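> Data: entry.cif, mmCIF, C-alpha atoms and all ligand atoms.
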```cif
data_work
loop_
_atom_site.label_atom_id
_atom_site.label_comp_id
_atom_site.auth_asym_id
_atom_site.auth_seq_id
_atom_site.Cartn_x
_atom_site.Cartn_y
_atom_site.Cartn_z
CA MET F 13 31.05 10.83 -5.23
CA LEU F 14 28.60 9.46 -7.73
CA MET F 15 25.07 9.36 -6.31
CA VAL F 16 22.92 6.49 -7.46
CA THR F 17 19.36 7.57 -8.27
CA ASN F 18 16.95 6.98 -5.36
CA SER F 19 19.72 5.52 -3.15
CA LYS F 20 19.51 6.35 0.57
CA THR F 21 22.27 7.07 3.10
CA PRO F 22 22.27 5.03 6.35
CA ALA F 23 20.95 8.10 8.23
CA MET F 24 18.09 8.53 5.75
CA LEU F 25 17.27 4.83 6.09
CA GLU F 26 17.11 5.12 9.86
CA GLY F 27 14.51 7.87 9.45
CA MET F 28 12.55 5.72 6.99
CA ARG F 29 12.65 2.74 9.38
CA ALA F 30 11.29 4.89 12.19
CA ALA F 31 8.57 6.40 9.97
CA SER F 32 7.66 2.95 8.63
CA ALA F 33 7.42 1.50 12.16
CA ILE F 34 4.91 4.21 13.05
CA VAL F 35 2.89 3.43 9.92
CA SER F 36 2.82 -0.31 10.58
CA GLY F 37 1.86 0.43 14.20
CA VAL F 38 -1.10 2.49 12.98
CA LEU F 39 -2.28 -0.29 10.67
CA GLU F 40 -2.09 -2.83 13.53
CA MET F 41 -3.81 -0.54 16.03
CA ILE F 42 -6.73 0.40 13.78
CA GLY F 43 -7.94 -3.14 13.03
CA ALA F 44 -9.90 -3.52 16.27
CA HIS F 45 -11.72 -0.22 15.59
CA VAL F 46 -13.06 -1.19 12.16
CA GLN F 47 -16.65 -2.11 13.08
CA PRO F 48 -20.11 -1.53 11.61
CA GLY F 49 -21.43 1.89 12.74
CA VAL F 50 -18.00 3.55 13.01
CA SER F 51 -17.38 6.57 10.74
CA THR F 52 -14.29 6.74 8.56
CA ALA F 53 -13.57 10.20 10.06
CA HIS F 54 -13.33 8.54 13.48
CA LEU F 55 -10.89 5.94 12.13
CA ASP F 56 -8.84 8.75 10.57
CA LYS F 57 -8.68 10.63 13.88
CA LEU F 58 -7.43 7.53 15.71
CA CYS F 59 -4.70 7.09 13.07
CA HIS F 60 -3.77 10.77 13.18
CA ASP F 61 -3.44 10.74 16.96
CA TYR F 62 -1.37 7.54 16.95
CA ILE F 63 1.10 9.06 14.48
CA VAL F 64 1.50 12.24 16.51
CA ASP F 65 1.67 10.37 19.84
CA HIS F 66 4.56 8.30 18.46
CA GLY F 67 6.57 11.33 17.35
CA GLY F 68 5.63 11.22 13.67
CA VAL F 69 4.09 13.70 11.25
CA PRO F 70 1.03 12.70 9.17
CA SER F 71 2.47 13.24 5.67
CA CYS F 72 -0.88 13.47 3.87
CA VAL F 73 -2.12 16.48 5.87
CA GLY F 74 -1.53 19.50 3.66
CA TYR F 75 -0.46 17.40 0.68
CA HIS F 76 -2.00 19.26 -2.31
CA GLY F 77 -4.59 20.60 0.12
CA TYR F 78 -5.59 17.18 1.52
CA GLN F 79 -6.87 17.50 5.11
CA HIS F 80 -6.61 13.99 6.56
CA ALA F 81 -3.93 11.62 7.85
CA THR F 82 -5.30 8.65 5.92
CA CYS F 83 -7.14 7.68 2.79
CA ILE F 84 -9.98 5.25 3.53
CA SER F 85 -11.38 3.54 0.45
CA VAL F 86 -14.58 1.54 0.97
CA ASN F 87 -15.90 -1.21 -1.36
CA HIS F 88 -15.83 0.12 -4.97
CA VAL F 89 -13.53 3.01 -4.01
CA VAL F 90 -10.14 2.16 -5.53
CA CYS F 91 -7.95 4.64 -3.62
CA HIS F 92 -7.81 8.16 -2.14
CA GLY F 93 -11.17 7.77 -0.37
CA VAL F 94 -11.69 10.82 1.86
CA PRO F 95 -12.55 10.10 5.53
CA GLY F 96 -15.96 11.51 6.50
CA ASP F 97 -19.12 11.08 8.55
CA LYS F 98 -20.37 8.09 6.60
CA ARG F 99 -20.60 5.05 8.85
CA LEU F 100 -19.38 1.60 7.94
CA LYS F 101 -21.99 -1.11 7.31
CA ASP F 102 -21.77 -4.81 8.03
CA GLY F 103 -19.87 -6.47 5.18
CA ASP F 104 -18.01 -3.37 3.99
CA SER F 105 -14.42 -3.96 2.87
CA LEU F 106 -12.00 -1.07 3.10
CA ASN F 107 -8.42 -0.03 2.55
CA ILE F 108 -6.72 2.26 5.06
CA ASP F 109 -3.66 4.01 3.58
CA VAL F 110 -1.24 5.75 5.94
CA VAL F 111 1.86 7.86 5.27
CA ALA F 112 3.95 9.21 8.15
CA ALA F 113 7.25 11.08 8.35
CA TYR F 114 10.00 10.93 10.96
CA GLU F 115 12.89 13.39 10.82
CA GLY F 116 11.77 14.32 7.31
CA MET F 117 11.74 10.76 5.95
CA HIS F 118 8.52 9.01 4.89
CA GLY F 119 6.99 5.54 5.20
CA ASP F 120 3.84 4.52 3.29
CA SER F 121 1.67 1.43 3.69
CA SER F 122 -1.93 0.30 3.42
CA ALA F 123 -4.00 -2.73 4.35
CA MET F 124 -7.51 -4.14 3.90
CA TYR F 125 -10.09 -4.47 6.70
CA PHE F 126 -13.66 -5.71 6.96
CA ALA F 127 -16.51 -4.26 8.99
CA GLY F 128 -18.43 -7.22 10.37
CA THR F 129 -18.66 -10.22 8.07
CA PRO F 130 -17.46 -9.78 4.47
CA SER F 131 -18.77 -11.71 1.47
CA ILE F 132 -16.65 -14.57 0.18
CA ALA F 133 -16.03 -12.48 -2.95
CA ALA F 134 -14.66 -9.55 -0.92
CA ARG F 135 -12.45 -11.83 1.16
CA ARG F 136 -11.08 -13.55 -1.94
CA LEU F 137 -10.31 -10.27 -3.75
CA ALA F 138 -8.48 -8.94 -0.69
CA SER F 139 -6.44 -12.14 -0.31
CA VAL F 140 -5.43 -12.35 -3.95
CA THR F 141 -4.45 -8.66 -3.89
CA GLN F 142 -2.24 -9.20 -0.83
CA GLU F 143 -0.67 -12.24 -2.51
CA SER F 144 0.03 -10.15 -5.62
CA LEU F 145 1.82 -7.57 -3.44
CA TYR F 146 3.89 -10.35 -1.87
CA LEU F 147 4.74 -11.86 -5.27
CA GLY F 148 5.86 -8.42 -6.50
CA ILE F 149 8.04 -7.95 -3.42
CA LEU F 150 9.60 -11.41 -3.90
CA GLU F 151 10.97 -10.27 -7.29
CA ILE F 152 13.14 -7.60 -5.63
CA LYS F 153 16.90 -8.02 -5.71
CA PRO F 154 19.79 -6.12 -7.29
CA GLY F 155 19.71 -6.62 -11.06
CA ALA F 156 15.99 -7.42 -11.23
CA THR F 157 13.76 -4.84 -12.94
CA LEU F 158 10.49 -3.10 -12.13
CA GLY F 159 9.12 -4.98 -15.15
CA ASP F 160 9.69 -8.21 -13.19
CA VAL F 161 7.71 -6.76 -10.25
CA GLY F 162 4.81 -5.64 -12.46
CA ALA F 163 4.74 -8.92 -14.39
CA ALA F 164 4.47 -10.98 -11.19
CA ILE F 165 1.56 -8.88 -9.91
CA GLN F 166 -0.24 -8.87 -13.25
CA ALA F 167 0.08 -12.64 -13.73
CA HIS F 168 -1.38 -13.42 -10.29
CA ALA F 169 -4.28 -10.99 -10.72
CA GLN F 170 -5.18 -12.30 -14.15
CA LYS F 171 -4.90 -15.94 -13.06
CA HIS F 172 -7.70 -15.20 -10.59
CA GLY F 173 -9.86 -13.25 -13.05
CA TYR F 174 -9.17 -9.78 -11.61
CA SER F 175 -8.03 -6.64 -13.42
CA VAL F 176 -5.10 -4.44 -12.40
CA VAL F 177 -5.68 -0.68 -12.09
CA LEU F 178 -3.35 1.08 -14.53
CA ASP F 179 -4.01 4.74 -13.61
CA PHE F 180 -2.26 4.67 -10.21
CA CYS F 181 1.21 3.38 -9.41
CA GLY F 182 3.68 2.78 -6.63
CA HIS F 183 6.50 5.27 -6.29
CA GLY F 184 9.97 5.95 -4.99
CA ILE F 185 9.83 7.33 -1.45
CA GLY F 186 12.28 8.93 0.95
CA ALA F 187 12.71 12.61 1.77
CA ALA F 188 9.60 13.12 -0.39
CA MET F 189 6.44 11.04 -0.24
CA HIS F 190 6.51 10.60 -4.02
CA GLU F 191 9.83 10.21 -5.85
CA GLU F 192 11.11 8.51 -8.96
CA PRO F 193 10.69 5.80 -10.10
CA GLU F 194 7.07 5.11 -10.96
CA VAL F 195 6.22 1.51 -10.01
CA ARG F 196 3.61 0.05 -12.33
CA HIS F 197 1.62 -3.01 -11.28
CA VAL F 198 1.79 -4.57 -14.73
CA GLY F 199 4.91 -5.14 -16.78
CA ARG F 200 7.16 -7.29 -18.92
CA ARG F 201 10.01 -9.27 -17.42
CA GLY F 202 13.45 -7.78 -18.00
CA LEU F 203 12.08 -4.34 -18.89
CA GLY F 204 12.02 -1.13 -16.89
CA VAL F 205 14.20 0.39 -14.18
CA ARG F 206 16.96 -1.92 -12.92
CA LEU F 207 17.00 -2.31 -9.12
CA MET F 208 20.08 -1.37 -7.08
CA PRO F 209 20.85 -1.70 -3.36
CA GLY F 210 19.67 1.32 -1.38
CA MET F 211 16.63 2.08 -3.54
CA THR F 212 13.36 2.53 -1.64
CA PHE F 213 9.91 2.50 -3.20
CA THR F 214 6.34 1.43 -2.62
CA ILE F 215 4.46 -1.40 -4.27
CA GLU F 216 0.70 -0.87 -3.94
CA PRO F 217 -1.37 -2.96 -6.36
CA MET F 218 -5.06 -2.11 -6.80
CA LEU F 219 -7.11 -5.03 -8.16
CA ASN F 220 -10.72 -4.83 -9.34
CA ALA F 221 -13.28 -7.61 -9.48
CA GLY F 222 -14.57 -6.07 -12.73
CA GLY F 223 -12.84 -3.91 -15.33
CA SER F 224 -9.71 -1.83 -14.76
CA ASP F 225 -11.30 1.53 -15.67
CA VAL F 226 -11.55 4.11 -12.89
CA ARG F 227 -13.19 7.51 -12.45
CA VAL F 228 -12.39 10.41 -10.09
CA LEU F 229 -15.39 11.83 -8.20
CA ALA F 230 -16.32 15.54 -8.00
CA ASP F 231 -14.34 15.93 -4.74
CA LYS F 232 -11.27 15.53 -7.00
CA TRP F 233 -9.81 12.82 -4.68
CA THR F 234 -12.04 9.77 -4.49
CA VAL F 235 -11.19 7.21 -7.19
CA VAL F 236 -13.88 4.61 -7.95
CA THR F 237 -14.23 1.71 -10.35
CA LYS F 238 -16.15 2.82 -13.42
CA ASP F 239 -18.33 -0.31 -13.32
CA ARG F 240 -18.75 0.04 -9.51
CA SER F 241 -17.17 -3.38 -8.99
CA LEU F 242 -15.31 -4.15 -5.78
CA SER F 243 -11.67 -3.03 -5.49
CA ALA F 244 -8.85 -3.94 -3.10
CA GLN F 245 -5.35 -2.64 -2.39
CA TRP F 246 -2.35 -3.50 -0.18
CA GLU F 247 0.84 -1.48 0.02
CA HIS F 248 4.32 -1.73 1.48
CA THR F 249 7.43 0.44 1.46
CA VAL F 250 10.44 -1.70 0.52
CA LEU F 251 14.23 -1.35 0.43
CA VAL F 252 16.47 -3.10 -2.11
CA THR F 253 19.29 -4.77 -0.13
CA ASN F 254 22.54 -6.36 -1.37
CA THR F 255 20.88 -9.77 -1.53
CA GLY F 256 17.16 -9.07 -1.93
CA PHE F 257 14.76 -6.84 -0.04
CA GLU F 258 13.63 -5.55 3.31
CA ILE F 259 9.95 -4.72 3.88
CA LEU F 260 10.25 -1.51 5.89
CA THR F 261 6.53 -1.38 6.75
CA PHE F 262 6.19 -5.09 7.63
CA ARG F 263 3.65 -5.63 10.45
CA PRO F 264 4.15 -8.26 13.15
CA ASN F 265 0.50 -9.25 12.64
CA GLU F 266 1.11 -10.27 9.01
CA THR F 267 3.87 -12.73 9.93
CA GLU F 268 1.54 -15.70 9.62
CA THR F 269 0.16 -14.70 6.20
CA TRP F 270 3.65 -13.95 4.96
CA SER F 271 4.97 -17.28 6.27
CA ARG F 272 2.13 -19.25 4.75
CA PHE F 273 2.23 -17.66 1.32
CA ALA F 274 5.60 -16.08 0.71
CA ALA F 275 8.36 -17.23 3.05
CA ALA F 276 8.79 -20.56 1.27
CA ARG F 277 9.49 -18.67 -1.96
CA VAL F 278 12.11 -16.35 -0.48
CA THR F 279 15.63 -16.98 -1.69
CA ALA F 280 17.09 -14.04 0.24
CA ALA F 281 15.24 -13.56 3.51
CA PRO F 282 14.03 -10.00 4.24
N1 LIG F 301 -0.45 6.58 -0.06
C1 LIG F 301 -1.07 7.43 -1.03
C2 LIG F 301 -0.29 7.41 -2.31
O1 LIG F 301 0.85 7.01 -2.33
C3 LIG F 301 -1.14 8.79 -0.44
C4 LIG F 301 -1.97 9.70 -1.21
S1 LIG F 301 -1.64 11.33 -0.79
C5 LIG F 301 -3.03 11.93 -0.06
O2 LIG F 301 -0.79 7.75 -3.36
F1 LIG F 301 -2.79 13.14 0.24
F2 LIG F 301 -4.04 11.82 -0.85
F3 LIG F 301 -3.30 11.22 1.02
CO CO F 302 1.91 5.15 -1.83
#
```
What is this file in structure tokens?

Amino acid sequence: MLMVTNSKTPAMLEGMRAASAIVSGVLEMIGAHVQPGVSTAHLDKLCHDYIVDHGGVPSCVGYHGYQHATCISVNHVVCHGVPGDKRLKDGDSLNIDVVAAYEGMHGDSSAMYFAGTPSIAARRLASVTQESLYLGILEIKPGATLGDVGAAIQAHAQKHGYSVVLDFCGHGIGAAMHEEPEVRHVGRRGLGVRLMPGMTFTIEPMLNAGGSDVRVLADKWTVVTKDRSLSAQWEHTVLVTNTGFEILTFRPNETETWSRFAAARVTAAP
């Protein structure tokens, strides 16, 4: 039998659905705990315990020596922020990124949160970034390309005056947390990997209020904007179906946002 690159068997997909449900459950659960005065280490512990309590394995623990279940990226941190004793302040905006495994299959998603009351600028950057993720997802169907996905994200970011981070990408996901293909968040329509039913990958655009340049801190994990401008990220794990897509990590609590912004544009419902 000819195996299509990145394609998943039904059994593998069941594992990914279960892993993804745990991840979306974590991201729903943690929202109420994001408050001024709470440390990011505490948030990480709550996420870790939720994953284990629901029969999952926190995929990030032990990954290249990483010691936490989540990455928590606050304000000008772009991604891979390391949970620690630092406490959140009123107005902080943060991304919580969670990867869990179930029966050896992974699900990966992240969302934005605010401690207390965010600035209008922070709220707007987070919203436009989530919309860019949705617009990228809406491109997915057999025969479309990853260039179509990247182009949709890039156009929306640029329309709003934001830059797209080029140094970090989405990725195929399945039995490994990171697989082929690399999913860039910029692109040209019609170019790049052609999508086929059964492929699973993440889309995880990082948008900056300032320039797109980033820098890795001395801890070798934390990625920050070079100009210290605000950054935002949202991520989903998606499956290419026969007619379009399925968002494996979809959260019940994003139904309203999805309906308002994206559902009207869907030609093939997820
Ligand atoms: N979700 C992150 C990614 O896809 C996970 C980073 S791995 C970690 O890049 F070990 F740093 F958490
Ligand atoms: Co990812």
> Just checking: using all atoms listed in the file, which residue out of F:Ala53, F:Leu203, F:Ala123, F:Val69 ends up closest to Arg99 (chain F)?
F:Ala53
> Find the residues around Glu266 (chain F) up to 12 Å (all atoms listed in the file counted), leave out those fewer than 3 positions away in its own chain, and share them as a VMD selection string.
chain F and resid 36 to 37 39 to 40 123 to 124 142 to 143 146 246 248 259 261 to 263 269 to 275
> Write the residues of the preceding selection, restricted to C-alpha atoms, as a JSON list (two decimals), in the frame of the given file.

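Just written: out.json:
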```
[["chain", "number", "residue", "atom", "x", "y", "z"],
["F", 36, "SER", "CA", 2.82, -0.31, 10.58],
["F", 37, "GLY", "CA", 1.86, 0.43, 14.20],
["F", 39, "LEU", "CA", -2.28, -0.29, 10.67],
["F", 40, "GLU", "CA", -2.09, -2.83, 13.53],
["F", 123, "ALA", "CA", -4.00, -2.73, 4.35],
["F", 124, "MET", "CA", -7.51, -4.14, 3.90],
["F", 142, "GLN", "CA", -2.24, -9.20, -0.83],
["F", 143, "GLU", "CA", -0.67, -12.24, -2.51],
["F", 146, "TYR", "CA", 3.89, -10.35, -1.87],
["F", 246, "TRP", "CA", -2.35, -3.50, -0.18],
["F", 248, "HIS", "CA", 4.32, -1.73, 1.48],
["F", 259, "ILE", "CA", 9.95, -4.72, 3.88],
["F", 261, "THR", "CA", 6.53, -1.38, 6.75],
["F", 262, "PHE", "CA", 6.19, -5.09, 7.63],
["F", 263, "ARG", "CA", 3.65, -5.63, 10.45],
["F", 269, "THR", "CA", 0.16, -14.70, 6.20],
["F", 270, "TRP", "CA", 3.65, -13.95, 4.96],
["F", 271, "SER", "CA", 4.97, -17.28, 6.27],
["F", 272, "ARG", "CA", 2.13, -19.25, 4.75],
["F", 273, "PHE", "CA", 2.23, -17.66, 1.32],
["F", 274, "ALA", "CA", 5.60, -16.08, 0.71],
["F", 275, "ALA", "CA", 8.36, -17.23, 3.05]]
```
> Could you list, as a list of chain:residue names, all the residues within 6 Å of ligand LIG 301 (chain F), counting only C-alpha atoms and all ligand atoms?
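Residues satisfying the distance criterion: F:Cys72, F:Tyr75, F:Tyr78, F:Thr82, F:Cys83, F:His92, F:Asp109, F:Val111, F:Asp120.
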> With only C-alpha atoms and all ligand atoms counted, collect every polymer residue having an atom within 12 Å of ligand CO 302 (chain F); state the result as a PyMOL selection string.
chain F and resi 35+71-72+82-83+91-92+108-112+118-123+180-186+188-191+194-196+212-218+245-250+261
> Taking all atoms listed in the file into account, which of F:Val38, F:Val50, F:Leu251, F:Ala230 comes nearest Tyr62 (chain F)?
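So, comparing all the options, the nearest one is F:Val38.
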> Set the distance at 8 Å and use all atoms listed in the file: which residues neighbour Val161 (chain F) once local chain neighbours fewer than 6 positions away are removed? I'd like the list as a ChimeraX atom specification.
/F:147-149,151-152,197-199,201
> Is there a way to complete region 230-250 of chain F with N, CA, C and O atoms and then write that out as a short mmCIF file (atom, residue, chain, number, x, y, z; two decimals), keeping the file's coordinate frame?

```
data_model
loop_
_atom_site.label_atom_id
_atom_site.label_comp_id
_atom_site.auth_asym_id
_atom_site.auth_seq_id
_atom_site.Cartn_x
_atom_site.Cartn_y
_atom_site.Cartn_z
N ALA F 230 -16.32 14.07 -7.95
CA ALA F 230 -16.32 15.54 -8.00
C ALA F 230 -15.45 16.15 -6.90
O ALA F 230 -15.00 17.29 -7.02
N ASP F 231 -15.20 15.39 -5.80
CA ASP F 231 -14.34 15.93 -4.74
C ASP F 231 -12.87 16.00 -5.19
O ASP F 231 -12.01 16.45 -4.44
N LYS F 232 -12.59 15.51 -6.39
CA LYS F 232 -11.27 15.53 -7.00
C LYS F 232 -10.26 14.59 -6.32
O LYS F 232 -9.07 14.58 -6.66
N TRP F 233 -10.68 13.79 -5.35
CA TRP F 233 -9.81 12.82 -4.68
C TRP F 233 -10.28 11.39 -4.91
O TRP F 233 -9.51 10.55 -5.37
N THR F 234 -11.54 11.14 -4.55
CA THR F 234 -12.04 9.77 -4.49
C THR F 234 -12.00 9.10 -5.87
O THR F 234 -12.61 9.58 -6.82
N VAL F 235 -11.29 7.97 -5.94
CA VAL F 235 -11.19 7.21 -7.19
C VAL F 235 -12.05 5.96 -7.05
O VAL F 235 -11.90 5.21 -6.09
N VAL F 236 -12.98 5.77 -7.99
CA VAL F 236 -13.88 4.61 -7.95
C VAL F 236 -13.75 3.78 -9.22
O VAL F 236 -13.27 4.27 -10.24
N THR F 237 -14.18 2.52 -9.14
CA THR F 237 -14.23 1.71 -10.35
C THR F 237 -15.38 2.22 -11.21
O THR F 237 -16.46 2.56 -10.71
N LYS F 238 -15.14 2.29 -12.51
CA LYS F 238 -16.15 2.82 -13.42
C LYS F 238 -17.40 1.94 -13.42
O LYS F 238 -18.52 2.44 -13.49
N ASP F 239 -17.19 0.62 -13.30
CA ASP F 239 -18.33 -0.31 -13.32
C ASP F 239 -18.86 -0.58 -11.90
O ASP F 239 -19.69 -1.46 -11.71
N ARG F 240 -18.36 0.15 -10.92
CA ARG F 240 -18.75 0.04 -9.51
C ARG F 240 -18.47 -1.35 -8.92
O ARG F 240 -19.03 -1.74 -7.89
N SER F 241 -17.57 -2.09 -9.55
CA SER F 241 -17.17 -3.38 -8.99
C SER F 241 -16.23 -3.16 -7.80
O SER F 241 -15.63 -2.10 -7.65
N LEU F 242 -16.12 -4.19 -6.99
CA LEU F 242 -15.31 -4.15 -5.78
C LEU F 242 -13.82 -4.00 -6.12
O LEU F 242 -13.34 -4.55 -7.12
N SER F 243 -13.10 -3.25 -5.28
CA SER F 243 -11.67 -3.03 -5.49
C SER F 243 -10.92 -3.29 -4.19
O SER F 243 -11.47 -3.10 -3.10
N ALA F 244 -9.67 -3.72 -4.30
CA ALA F 244 -8.85 -3.94 -3.10
C ALA F 244 -7.43 -3.46 -3.36
O ALA F 244 -6.98 -3.41 -4.52
N GLN F 245 -6.74 -3.11 -2.27
CA GLN F 245 -5.35 -2.64 -2.39
C GLN F 245 -4.58 -2.99 -1.12
O GLN F 245 -5.11 -2.92 -0.01
N TRP F 246 -3.30 -3.35 -1.30
CA TRP F 246 -2.35 -3.50 -0.18
C TRP F 246 -1.08 -2.79 -0.60
O TRP F 246 -0.72 -2.78 -1.78
N GLU F 247 -0.38 -2.24 0.36
CA GLU F 247 0.84 -1.48 0.02
C GLU F 247 1.93 -1.66 1.07
O GLU F 247 1.64 -1.68 2.28
N HIS F 248 3.17 -1.78 0.60
CA HIS F 248 4.32 -1.73 1.48
C HIS F 248 5.39 -0.79 0.92
O HIS F 248 5.46 -0.58 -0.30
N THR F 249 6.20 -0.25 1.83
CA THR F 249 7.43 0.44 1.46
C THR F 249 8.57 -0.55 1.59
O THR F 249 8.70 -1.20 2.64
N VAL F 250 9.37 -0.69 0.54
CA VAL F 250 10.44 -1.70 0.52
C VAL F 250 11.80 -1.06 0.22
O VAL F 250 11.87 0.01 -0.40
#
```
